[in-house]
Each structure stands twice: as C-alpha cells, then as structure tokens.
Amino acid sequence: MKEIESEKLIITCTQEKIFNFLSDFNNFGKLMPEQIINWQSTENTCSFTIKGMTDLSMQIKEKMPSHTILISSYGKVPFDFELKCSFEDLGNYQTKSQLIFIADLNPMLSMMASKPLQNFVNMLNAKLKIMAEEPGF
C-alpha cells in the first residue's frame, strides 16, 4: 500500500465547519482541479473523469464527527484507494488539516502516479484552506 500525505495546514476556521463541508460530496466538488470533468455527486457518493486518463467513483465510508472522514473508491476503478481527511482542533478558531491518500498501486503505477497524487492531495488541502477562510464559509 502506498501512502501519500498532504502538507499539514493550519486553517482559520472551526473543525466542525470544515468537517461539515467535506461531509457532503456536493461541496467536495468545489475543491477539484480543472483536470476533473463530468463531476456528479450526491451527499455520500461522487463520480468524475480525470481528463485524458480514467473515470473514478468514491463514497464516504465512515465519518467520525468533527475529526475524520474516510472516503473509499467504489464501483469499477483502476485501483483501490482511500482518502483520509483528518482535522485537529487547535483552539482559537484554528484547525489543523491533513489529507492522506492510501492506494493499492503496483510498483510501476506507484512510480508514475506518486508525484501527481502528492500534488493532488496538497492542492485539495490548500483549496480547502482558501475556501474555509473566506467570509461566509
């Protein structure tokens, strides 16, 4: 199993607001980069296409209120994966956020996909920070 961890970011927002936002895939789509097309979502599932690559589907597997959301691949996907979204309350309206992508990649795919996946989890977390710190979030 390959684990790819995003940078840990301090977000000026409550842990509960961040958790509630990411607990709904209809909101999660707002974090996706432009290479993601054909986004379709419900509260607990989503499907999309990575432009020029593949179709993926995900589902929320488990929610541990306010501190962890575990997302997993589902349906027909090229490899099994999980995305763990973790939030730690730091007090004073601040939350530490980190995303961890865990995938069952063969060695060749691991070599090719590691850097893009690293960039992806860092970008998702950075976009979450930007959105969560906007007025009215």
# chains A, B, ... in the order shown; residues from 1 in each chain; ligands from 1
>>> residues_around(residues="Leu117 of chain A", least_positions_apart="3", cutoff="10 Å", atoms="only C-alpha atoms", output="MDAnalysis selection string")
chainID A and resid 3:6 101 110 112:114 120:123
>>> write_last_selection(atoms="N, CA and C atoms", output="compact mmCIF listing (two decimals), in the first residue's frame")
# COMPACT_ATOMS: atom_id res chain seq x y z
N GLU A 3 1.15 5.23 0.74
CA GLU A 3 0.53 6.32 1.49
C GLU A 3 1.15 7.63 1.04
N ILE A 4 0.29 8.56 0.68
CA ILE A 4 0.75 9.88 0.25
C ILE A 4 0.05 10.92 1.13
N GLU A 5 0.85 11.65 1.91
CA GLU A 5 0.32 12.61 2.87
C GLU A 5 0.45 14.03 2.34
N SER A 6 -0.64 14.78 2.50
CA SER A 6 -0.57 16.20 2.16
C SER A 6 0.23 16.93 3.24
N PHE A 101 -3.77 9.98 1.17
CA PHE A 101 -4.25 9.12 0.09
C PHE A 101 -3.54 7.77 0.24
N SER A 110 2.88 3.08 -9.12
CA SER A 110 3.33 3.87 -7.98
C SER A 110 4.38 4.90 -8.42
N MET A 112 4.82 6.15 -11.44
CA MET A 112 4.24 7.15 -12.34
C MET A 112 3.25 8.07 -11.62
N ALA A 113 2.52 7.56 -10.64
CA ALA A 113 1.42 8.31 -10.04
C ALA A 113 1.79 9.04 -8.75
N SER A 114 2.89 8.70 -8.13
CA SER A 114 3.22 9.29 -6.81
C SER A 114 3.26 10.81 -6.82
N PHE A 120 -1.92 16.44 -5.97
CA PHE A 120 -3.37 16.43 -5.84
C PHE A 120 -3.80 16.63 -4.38
N VAL A 121 -3.25 15.85 -3.45
CA VAL A 121 -3.68 15.99 -2.05
C VAL A 121 -3.24 17.34 -1.47
N ASN A 122 -2.08 17.83 -1.87
CA ASN A 122 -1.64 19.16 -1.41
C ASN A 122 -2.57 20.25 -1.95
N MET A 123 -2.95 20.13 -3.22
CA MET A 123 -3.83 21.11 -3.84
C MET A 123 -5.21 21.09 -3.20
>>> residues_around(residues="Cys46 of chain A", least_positions_apart="3", cutoff="10 Å", atoms="only C-alpha atoms", output="ChimeraX atom specification")
/A:24-26,28-29,39-43,56-60,73-74
>>> closest_atom_pairs(of="segment 15-124 of chain A", to="segment 130-134 of chain A", cutoff="9 Å", atoms="only C-alpha atoms", output="Markdown table")
| residue | atom | partner | partner_atom | distance |
| --- | --- | --- | --- | --- |
| A:Lys17 | CA | A:Ala132 | CA | 8.1 |
| A:Ile18 | CA | A:Ala132 | CA | 6.8 |
| A:Phe21 | CA | A:Ala132 | CA | 8.8 |
| A:Leu31 | CA | A:Met131 | CA | 8.5 |
>>> select_by_dssp(residues="segment 8-77 of chain A", states="strand (DSSP E)", output="PyMOL selection string")
chain A and resi 9-11+36-41+45-50+54-64+68-73
>>> write_last_selection(atoms="C-alpha atoms", output="mmCIF file, in the first residue's frame")
data_model
loop_
_atom_site.group_PDB
_atom_site.id
_atom_site.type_symbol
_atom_site.label_atom_id
_atom_site.label_comp_id
_atom_site.auth_asym_id
_atom_site.auth_seq_id
_atom_site.Cartn_x
_atom_site.Cartn_y
_atom_site.Cartn_z
ATOM 1 C CA LEU A 9 -2.142 23.170 7.109
ATOM 2 C CA ILE A 10 -3.490 25.459 9.813
ATOM 3 C CA ILE A 11 -6.893 26.763 8.740
ATOM 4 C CA ILE A 36 -11.576 16.845 -13.230
ATOM 5 C CA ILE A 37 -14.555 16.806 -15.579
ATOM 6 C CA ASN A 38 -18.029 15.212 -15.587
ATOM 7 C CA TRP A 39 -18.372 15.680 -11.810
ATOM 8 C CA GLN A 40 -21.553 14.107 -10.453
ATOM 9 C CA SER A 41 -22.337 13.834 -6.759
ATOM 10 C CA THR A 45 -21.006 9.417 -3.442
ATOM 11 C CA CYS A 46 -19.371 11.020 -6.447
ATOM 12 C CA SER A 47 -18.054 10.083 -9.862
ATOM 13 C CA PHE A 48 -15.831 12.017 -12.221
ATOM 14 C CA THR A 49 -13.339 11.768 -15.058
ATOM 15 C CA ILE A 50 -9.694 12.745 -14.860
ATOM 16 C CA THR A 54 -9.763 7.481 -16.295
ATOM 17 C CA ASP A 55 -13.170 7.523 -14.620
ATOM 18 C CA LEU A 56 -13.312 7.221 -10.826
ATOM 19 C CA SER A 57 -16.046 6.858 -8.231
ATOM 20 C CA MET A 58 -15.800 7.450 -4.486
ATOM 21 C CA GLN A 59 -18.034 7.038 -1.489
ATOM 22 C CA ILE A 60 -17.921 8.257 2.070
ATOM 23 C CA LYS A 61 -17.122 5.118 4.007
ATOM 24 C CA GLU A 62 -17.016 6.488 7.545
ATOM 25 C CA LYS A 63 -17.472 9.774 9.398
ATOM 26 C CA MET A 64 -16.018 10.303 12.847
ATOM 27 C CA THR A 68 -12.085 12.299 10.374
ATOM 28 C CA ILE A 69 -13.807 11.458 7.096
ATOM 29 C CA LEU A 70 -12.785 8.232 5.375
ATOM 30 C CA ILE A 71 -13.506 8.116 1.651
ATOM 31 C CA SER A 72 -13.020 4.988 -0.455
ATOM 32 C CA SER A 73 -13.090 4.016 -4.087
#
>>> select_by_dssp(residues="segment 1-133 of chain A", states="alpha helix (DSSP H)", output="ChimeraX atom specification")
/A:15-22,25-28,107-132
>>> write_last_selection(atoms="N, CA and C atoms", output="CSV table (one decimal), in the first residue's frame")
chain,number,residue,atom,x,y,z
A,15,GLN,N,-13.1,23.4,13.4
A,15,GLN,CA,-13.1,22.0,13.0
A,15,GLN,C,-14.4,21.5,12.5
A,16,GLU,N,-15.5,21.9,13.2
A,16,GLU,CA,-16.8,21.4,12.9
A,16,GLU,C,-17.3,21.9,11.5
A,17,LYS,N,-17.0,23.2,11.2
A,17,LYS,CA,-17.4,23.8,9.9
A,17,LYS,C,-16.7,23.0,8.8
A,18,ILE,N,-15.4,22.8,8.9
A,18,ILE,CA,-14.6,22.1,7.9
A,18,ILE,C,-15.1,20.7,7.7
A,19,PHE,N,-15.4,20.0,8.8
A,19,PHE,CA,-15.9,18.6,8.8
A,19,PHE,C,-17.2,18.6,8.1
A,20,ASN,N,-18.1,19.5,8.4
A,20,ASN,CA,-19.5,19.5,7.8
A,20,ASN,C,-19.4,19.8,6.3
A,21,PHE,N,-18.5,20.7,5.9
A,21,PHE,CA,-18.3,21.0,4.5
A,21,PHE,C,-17.9,19.8,3.7
A,22,LEU,N,-16.9,19.1,4.2
A,22,LEU,CA,-16.3,17.9,3.5
A,22,LEU,C,-17.2,16.7,3.6
A,25,PHE,N,-20.3,15.4,-0.5
A,25,PHE,CA,-19.6,15.4,-1.8
A,25,PHE,C,-20.1,16.5,-2.7
A,26,ASN,N,-21.3,17.0,-2.5
A,26,ASN,CA,-21.7,18.2,-3.3
A,26,ASN,C,-20.8,19.4,-3.1
A,27,ASN,N,-20.3,19.5,-1.9
A,27,ASN,CA,-19.3,20.6,-1.6
A,27,ASN,C,-17.9,20.2,-2.0
A,28,PHE,N,-17.5,18.9,-1.9
A,28,PHE,CA,-16.2,18.4,-2.2
A,28,PHE,C,-15.8,18.8,-3.6
A,107,PRO,N,4.1,-1.5,-8.5
A,107,PRO,CA,5.3,-0.7,-8.5
A,107,PRO,C,5.4,0.3,-9.6
A,108,MET,N,5.0,-0.1,-10.8
A,108,MET,CA,5.1,0.8,-12.0
A,108,MET,C,4.1,1.9,-11.9
A,109,LEU,N,2.9,1.7,-11.5
A,109,LEU,CA,1.9,2.7,-11.3
A,109,LEU,C,2.3,3.6,-10.2
A,110,SER,N,2.9,3.1,-9.1
A,110,SER,CA,3.3,3.9,-8.0
A,110,SER,C,4.4,4.9,-8.4
A,111,MET,N,5.3,4.5,-9.2
A,111,MET,CA,6.4,5.4,-9.7
A,111,MET,C,5.8,6.5,-10.6
A,112,MET,N,4.8,6.2,-11.4
A,112,MET,CA,4.2,7.1,-12.3
A,112,MET,C,3.3,8.1,-11.6
A,113,ALA,N,2.5,7.6,-10.6
A,113,ALA,CA,1.4,8.3,-10.0
A,113,ALA,C,1.8,9.0,-8.8
A,114,SER,N,2.9,8.7,-8.1
A,114,SER,CA,3.2,9.3,-6.8
A,114,SER,C,3.3,10.8,-6.8
A,115,LYS,N,4.0,11.4,-7.8
A,115,LYS,CA,4.1,12.9,-7.8
A,115,LYS,C,2.8,13.5,-8.1
A,116,PRO,N,2.0,13.1,-9.1
A,116,PRO,CA,0.7,13.7,-9.4
A,116,PRO,C,-0.3,13.5,-8.2
A,117,LEU,N,-0.2,12.4,-7.5
A,117,LEU,CA,-1.1,12.2,-6.3
A,117,LEU,C,-0.7,13.1,-5.2
A,118,GLN,N,0.7,13.3,-5.0
A,118,GLN,CA,1.2,14.2,-4.0
A,118,GLN,C,0.7,15.6,-4.3
A,119,ASN,N,0.8,16.0,-5.5
A,119,ASN,CA,0.3,17.4,-5.9
A,119,ASN,C,-1.2,17.5,-5.7
A,120,PHE,N,-1.9,16.4,-6.0
A,120,PHE,CA,-3.4,16.4,-5.8
A,120,PHE,C,-3.8,16.6,-4.4
A,121,VAL,N,-3.3,15.9,-3.5
A,121,VAL,CA,-3.7,16.0,-2.0
A,121,VAL,C,-3.2,17.3,-1.5
A,122,ASN,N,-2.1,17.8,-1.9
A,122,ASN,CA,-1.6,19.2,-1.4
A,122,ASN,C,-2.6,20.2,-2.0
A,123,MET,N,-3.0,20.1,-3.2
A,123,MET,CA,-3.8,21.1,-3.8
A,123,MET,C,-5.2,21.1,-3.2
A,124,LEU,N,-5.8,19.9,-2.9
A,124,LEU,CA,-7.1,19.8,-2.3
A,124,LEU,C,-7.1,20.5,-0.9
A,125,ASN,N,-6.0,20.2,-0.1
A,125,ASN,CA,-5.9,20.8,1.2
A,125,ASN,C,-5.7,22.3,1.1
A,126,ALA,N,-4.9,22.7,0.2
A,126,ALA,CA,-4.7,24.2,0.0
A,126,ALA,C,-6.0,24.9,-0.4
A,127,LYS,N,-6.8,24.3,-1.3
A,127,LYS,CA,-8.1,24.9,-1.7
A,127,LYS,C,-9.1,24.9,-0.6
A,128,LEU,N,-9.0,23.8,0.2
A,128,LEU,CA,-9.9,23.8,1.4
A,128,LEU,C,-9.6,25.0,2.3
A,129,LYS,N,-8.3,25.2,2.6
A,129,LYS,CA,-7.9,26.3,3.4
A,129,LYS,C,-8.4,27.7,2.9
A,130,ILE,N,-8.2,27.9,1.6
A,130,ILE,CA,-8.7,29.1,0.9
A,130,ILE,C,-10.2,29.3,1.1
A,131,MET,N,-10.9,28.2,0.8
A,131,MET,CA,-12.4,28.3,0.9
A,131,MET,C,-12.9,28.5,2.3
A,132,ALA,N,-12.3,27.8,3.3
A,132,ALA,CA,-12.7,27.8,4.6
A,132,ALA,C,-12.4,29.2,5.3
>>> atom_distance(atom1="atom CA of Thr12 of chain A", atom2="atom CA of Thr95 of chain A")
6.5 Å
>>> residues_around(residues="Ser86 of chain A", least_positions_apart="2", cutoff="6 Å", atoms="only C-alpha atoms", output="list in words")
His67, Thr68, Ser97 and Gln98 of chain A
>>> residues_around(residues="Tyr93 of chain A", least_positions_apart="2", cutoff="6 Å", atoms="only C-alpha atoms", output="ChimeraX atom specification")
/A:12-14,91
